[in-house]
Each structure stands twice: as C-alpha cells, then as structure tokens.
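For reference, the structure discussed in these notes is given below.
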Amino acid sequence: MSHKRIPKRKAAIAVGGVAALGAAALLLPQANASQDGGARGGASTARTLKADDADDLAARLSKLLGDAFAGSYYDSANRQLVVNVTDVSGDDNNVIVQAKKAGAEVREVDNSTAELQAAARTLRTKATIPGTAWAVDPRTNKILVTADSTVTGTRWDRLESTVDGLGSGMATVKKSAGTFRTFVSGGDAIFGGGARCSLGFNVTAGDGSPAFLTAGHCGVAAQQWSDAQNGAPIATVDQATFPGNGDFALVKYDDPNTQAPSDVNVGGGQSVQILQATEATVGQQVFRMGSTTGLHDGQVLGLDATVNYPEGTVTGLIQTDVCAEPGDSGGSLFTQDGGAVGLTSGGSGDCTSGGETFFQPVTTALAATGATLGDAGAGGQQAGDGQQAGDGQQAGGDQQAGNDQQAGGDRIGGGQEAGAGAGDGSDAGSADGSGAADDQSGADATNGRASGTGHGSGGGNAGRSGRSGLTDTH
C-alpha cells in the first residue's frame, strides 16, 4: 500500500501480479445490486446502502434500540444493513418498527450484546492462551474463537472447557492450520533495525508535523525507519503501542518539509485517494495493500477482536479474511471509496492458502496519538512528484474525475495488469529475507519470514511455502 509518503523519493513496492490484478478488478465500476433481496425470504423494505452509510445507520439504531440491540452487519450481496435484536416485546416492538422504517433488515436473535461481552471477558480471564483469538460475529450471533496449530494438549483442553462453560449457542471454536504471528517485513516498504514493515497512512501529527501510521510492533522493533534497505533514516518513532490496547505507531518524518500525500499506491501507476478515516463494519468489502504481497481484498469478519500473540495480548482489533504475509505489517486497509479502515497487525496463513488476519482500527490510532488523517503536505504536492494526469490526479494532489471515488465510480486499478508494480519491488523485497528474519522474536523468525519476504522481488511466489500461522505483519 504505497502511499508515496517518502520525502523526495519513492519507496519500492512489490505487487503480486495476479493477485493485484484480481483485487484491482474489484475496484472497477460495478453494477448496483438488486433492491428486492431480503433476509430469510419474503418482501424486504430494507434500503440499499453503501457500507459507510450502513455503519452510520447502525450507530443510530444502536442508540435507538438500547438493550435490544445485539449487533449488526452489512449484507454486501444485497447492500443492506442487518440489525440483530433481542427481547422483542411490548414497547420494543415500536422501536423495531422504527428501525425497519429507517431502512434496516431486523432479525431476532438469542444472545444479547451484554451476554456476548460477558462471554468475551470470561475468555480473557480463563483462556488467554498464546495462539488464540476471538471476536463477536454478528452474523452467527456468537463469539468466534480461533485457535492456531500451537494450541494442543492441555492448552486445547483448557480452551475447549472454557468455551463449553459459556453455554450452548454462545461461542464456536475454529482450528487454524497456521500460527498466529505479526507480519513484520511491508504499502510502501519501510526498514528499521533489521525489520521490514509497510507504511500505513500519512497523517499530520498533533504538532502539525508530517508523519505516518504503521503497526505498533514495528514501532517497538526499531526507533528509526528508512525508505530503503540499509538506507539513511528518514523518520523517527514518536509513539508506539504493542502489545496491549492496540497495535499502532506514529512515526514522524525527520524532514518537516516532507510531502506526505493522503493516498495509497496500489501499483501500476494507480492510487486510491484517502478521504477520511472510517469505522469497519462486519460484512464490508475492504482492500489491503502491503509491500510484500501487494493488493488483496476480502471482508470484515469481526470487531473488537482479541489476539494472543507470542509477544502478548492485543485487544480492539478488526478481524478479516484478507490474506497477508511477513513484510505487510502496518500496511493500509481501506475501502473502495477512499476510507482508511485499518493497519495490518498479524494473523495466520499466507496469500496462497489464506488464513485469518487482524488490523488496528485507524480511528482508534488517530484518537490515541492525536494525529489527523490527510494534509501533511498533501496539498502542496507538485506534478513532478509522480502524480500525473491520467491517474486522475493533477499537480497539487487534487484528484479529478473520481475525486469523490464513490462506490461504482472508482477508476483505481483500471490500468493495473498482471505483474504491475512487481518491478518496483527490487529494493523492497529482493534482499528482504535477511532483515525480516531479524525482526521476529518468536519461533517464526526463520521459518517463514526470511523465505516469505523474498516474495516481494518481482512478485514471484518464492518463499511462500513454509509460512504458517498467526504472524506479525511487520
């Protein structure tokens, strides 16, 4: 997810050709979904909505429904918001009528929000086991608990016993073939202290200086970061949180005149203009950009996820099915219409076999660091900085014909072909294995990271075998 945040020069980016082409195709204009779909048959009066609009509606209905509200999710196939409710009786029926009139599809479920939150607290108390993760899945109205391949023997028995103790219909357990780890290694690739990560989003720090967000586990791995392997530092960590309540870092550019445009470079000369930070919605389609594997897409599966990495427990994350690999850590998770959603934290698997991935919400990172998304020099971007007309952008960084980047109108990725951007990754991925291995303090340091990060060079598949598990996405 190269955001062209680097002063006076561009960081290299390796975009996997076929995968990037597939994700880019999804960024092309799409026909509107049918408006007569509905949940569980029968005529539906639910409105068709964009994911961001559905999130806004869900926030309003949460207040309206009060204790009856039991979560919500976005039905991407029908483009509708589905709202879960419990204890529908008496006056609550009037509230539900209002919810339907507001445009939501309403369904009655068994588990209330309070019950699900209590179950999550029990898991935190009794089953904080390295290699486990959990998040509420509003589509099943249960907590989805995931255990990686390291959870065996007495640890598996402990997890299973805890889940059983929550009661029938409260949680489900999924076994992952991989291992949970962070993905240290890289949008634009950044390098520090033998580690490789990805730049997430350019921001303006609270003191007005240009900066960027990346993963917290990257921020604690090294204090200074460069845009080239073994290159001179260009930015210094200002704040970093990991593990704990989040996985994010604010890194300030050393040169206060650094131009830091608010966009994500998705390869092939294309970029997505980032317009605002946005909350994730379960069921929402999202795109991830990283310096190792390039552009990939998927859906949000859960919110407020807890992940027990080998380095410690991290809370408040977004769970998705978007693949990632070492080096993608810190990279951008965003929407088609320019919403900044998350920063790549970690997960299991790879972009060949798939897996689970977790992201730090951008909104939370901004609130904690005091940074704001956008104009850290973006308005002063000149044509010579590489943003030319044809990409939809003029001198000054203003994007024409698609500046609104609404769903269905996005032009991003239209010129991206198989292998596009792969050649840009010579610096980012060719020798990355040596540094990336140093970045992992856990058992995966040499088993997946060195080989996997080599994938950036030319967008090939070298090194994908041997990667498994929850990984740190530095």
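Residues in the structure tokens are named by chain (A, B, ... in the order shown) and by number from 1 within that chain; ligands are numbered from 1 in the order shown.
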Please report, as a PyMOL selection string, each residue of range 182-397 of chain A to which DSSP assigns strand (DSSP E) when run on this structure's backbone.
-> chain A and resi 182+189-192+195-198+201-204+210-214+224-225+235-241+248-253+263-267+270-273+276-277+285-290+294-309+312-320+332-334+339-347+357-361+372-373
Would you list the contacts of Thr86 in chain A as an MDAnalysis selection string, taking every protein, DNA or RNA residue within 9 Å and counting only C-alpha atoms, but skipping same-chain residues closer than 4 positions in sequence?
-> chainID A and resid 67:70 107:113
Range 240-252 of chain A: which residues within 6 Å, counting only C-alpha atoms, same-chain residues fewer than 2 positions away excluded, as a tab-separated table (two decimals) with N, CA, C and O atoms, in the first residue's frame?
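Writing the result to result00.tsv gives the following:
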chain	number	residue	atom	x	y	z
A	211	ALA	N	3.78	12.99	9.30
A	211	ALA	CA	4.06	11.71	9.95
A	211	ALA	C	3.29	10.62	9.23
A	211	ALA	O	2.55	10.87	8.28
A	212	PHE	N	3.47	9.38	9.68
A	212	PHE	CA	2.66	8.28	9.15
A	212	PHE	C	2.35	7.30	10.27
A	212	PHE	O	3.02	7.26	11.31
A	213	LEU	N	1.30	6.53	10.05
A	213	LEU	CA	0.91	5.46	10.96
A	213	LEU	C	1.40	4.12	10.41
A	213	LEU	O	1.35	3.88	9.21
A	214	THR	N	1.84	3.27	11.29
A	214	THR	CA	2.18	1.90	10.93
A	214	THR	C	1.86	1.03	12.15
A	214	THR	O	1.26	1.49	13.11
A	215	ALA	N	2.24	-0.24	12.10
A	215	ALA	CA	1.93	-1.14	13.20
A	215	ALA	C	2.78	-0.83	14.43
A	215	ALA	O	3.94	-0.44	14.32
A	216	GLY	N	2.20	-1.02	15.61
A	216	GLY	CA	2.93	-0.78	16.84
A	216	GLY	C	4.08	-1.74	17.02
A	216	GLY	O	5.12	-1.38	17.57
A	217	HIS	N	3.91	-2.99	16.56
A	217	HIS	CA	5.01	-3.93	16.73
A	217	HIS	C	6.20	-3.56	15.84
A	217	HIS	O	7.32	-3.98	16.10
A	219	GLY	N	6.86	-0.26	15.44
A	219	GLY	CA	7.37	0.87	16.20
A	219	GLY	C	8.23	0.49	17.39
A	219	GLY	O	9.14	1.23	17.77
A	235	ALA	N	12.66	8.86	9.21
A	235	ALA	CA	11.57	9.08	10.14
A	235	ALA	C	11.88	8.42	11.48
A	235	ALA	O	12.62	7.43	11.54
A	236	THR	N	11.32	8.99	12.55
A	236	THR	CA	11.59	8.51	13.91
A	236	THR	C	10.28	8.25	14.64
A	236	THR	O	9.33	9.04	14.56
A	237	VAL	N	10.22	7.14	15.36
A	237	VAL	CA	9.01	6.77	16.10
A	237	VAL	C	8.74	7.79	17.19
A	237	VAL	O	9.62	8.12	17.99
A	238	ASP	N	7.51	8.29	17.22
A	238	ASP	CA	7.08	9.23	18.24
A	238	ASP	C	6.29	8.53	19.34
A	238	ASP	O	6.48	8.81	20.52
A	312	GLY	N	2.38	-11.15	23.40
A	312	GLY	CA	1.42	-10.64	24.36
A	312	GLY	C	0.04	-10.48	23.73
A	312	GLY	O	-0.15	-10.67	22.52
A	313	THR	N	-0.92	-10.10	24.53
A	313	THR	CA	-2.31	-9.95	24.09
A	313	THR	C	-2.55	-8.56	23.53
A	313	THR	O	-2.11	-7.56	24.11
A	314	VAL	N	-3.27	-8.50	22.41
A	314	VAL	CA	-3.65	-7.23	21.80
A	314	VAL	C	-5.17	-7.22	21.68
A	314	VAL	O	-5.77	-8.19	21.22
A	315	THR	N	-5.79	-6.13	22.08
A	315	THR	CA	-7.25	-6.02	22.04
A	315	THR	C	-7.69	-4.92	21.08
A	315	THR	O	-6.90	-4.08	20.65
A	360	GLN	N	-5.41	-3.06	13.16
A	360	GLN	CA	-5.64	-1.98	14.11
A	360	GLN	C	-6.57	-0.95	13.48
A	360	GLN	O	-6.29	-0.45	12.38
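In this comparison, which uses only C-alpha atoms, the residue of A:Gly194, A:Gly178, A:Gly208, A:Gly169 approaching Ala147 in chain A most closely is A:Gly178.
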CA of Ser176 in chain A and CA of Ser149 in chain A are how many Å apart?
->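 Here the two named atoms are 6.1 Å from each other.
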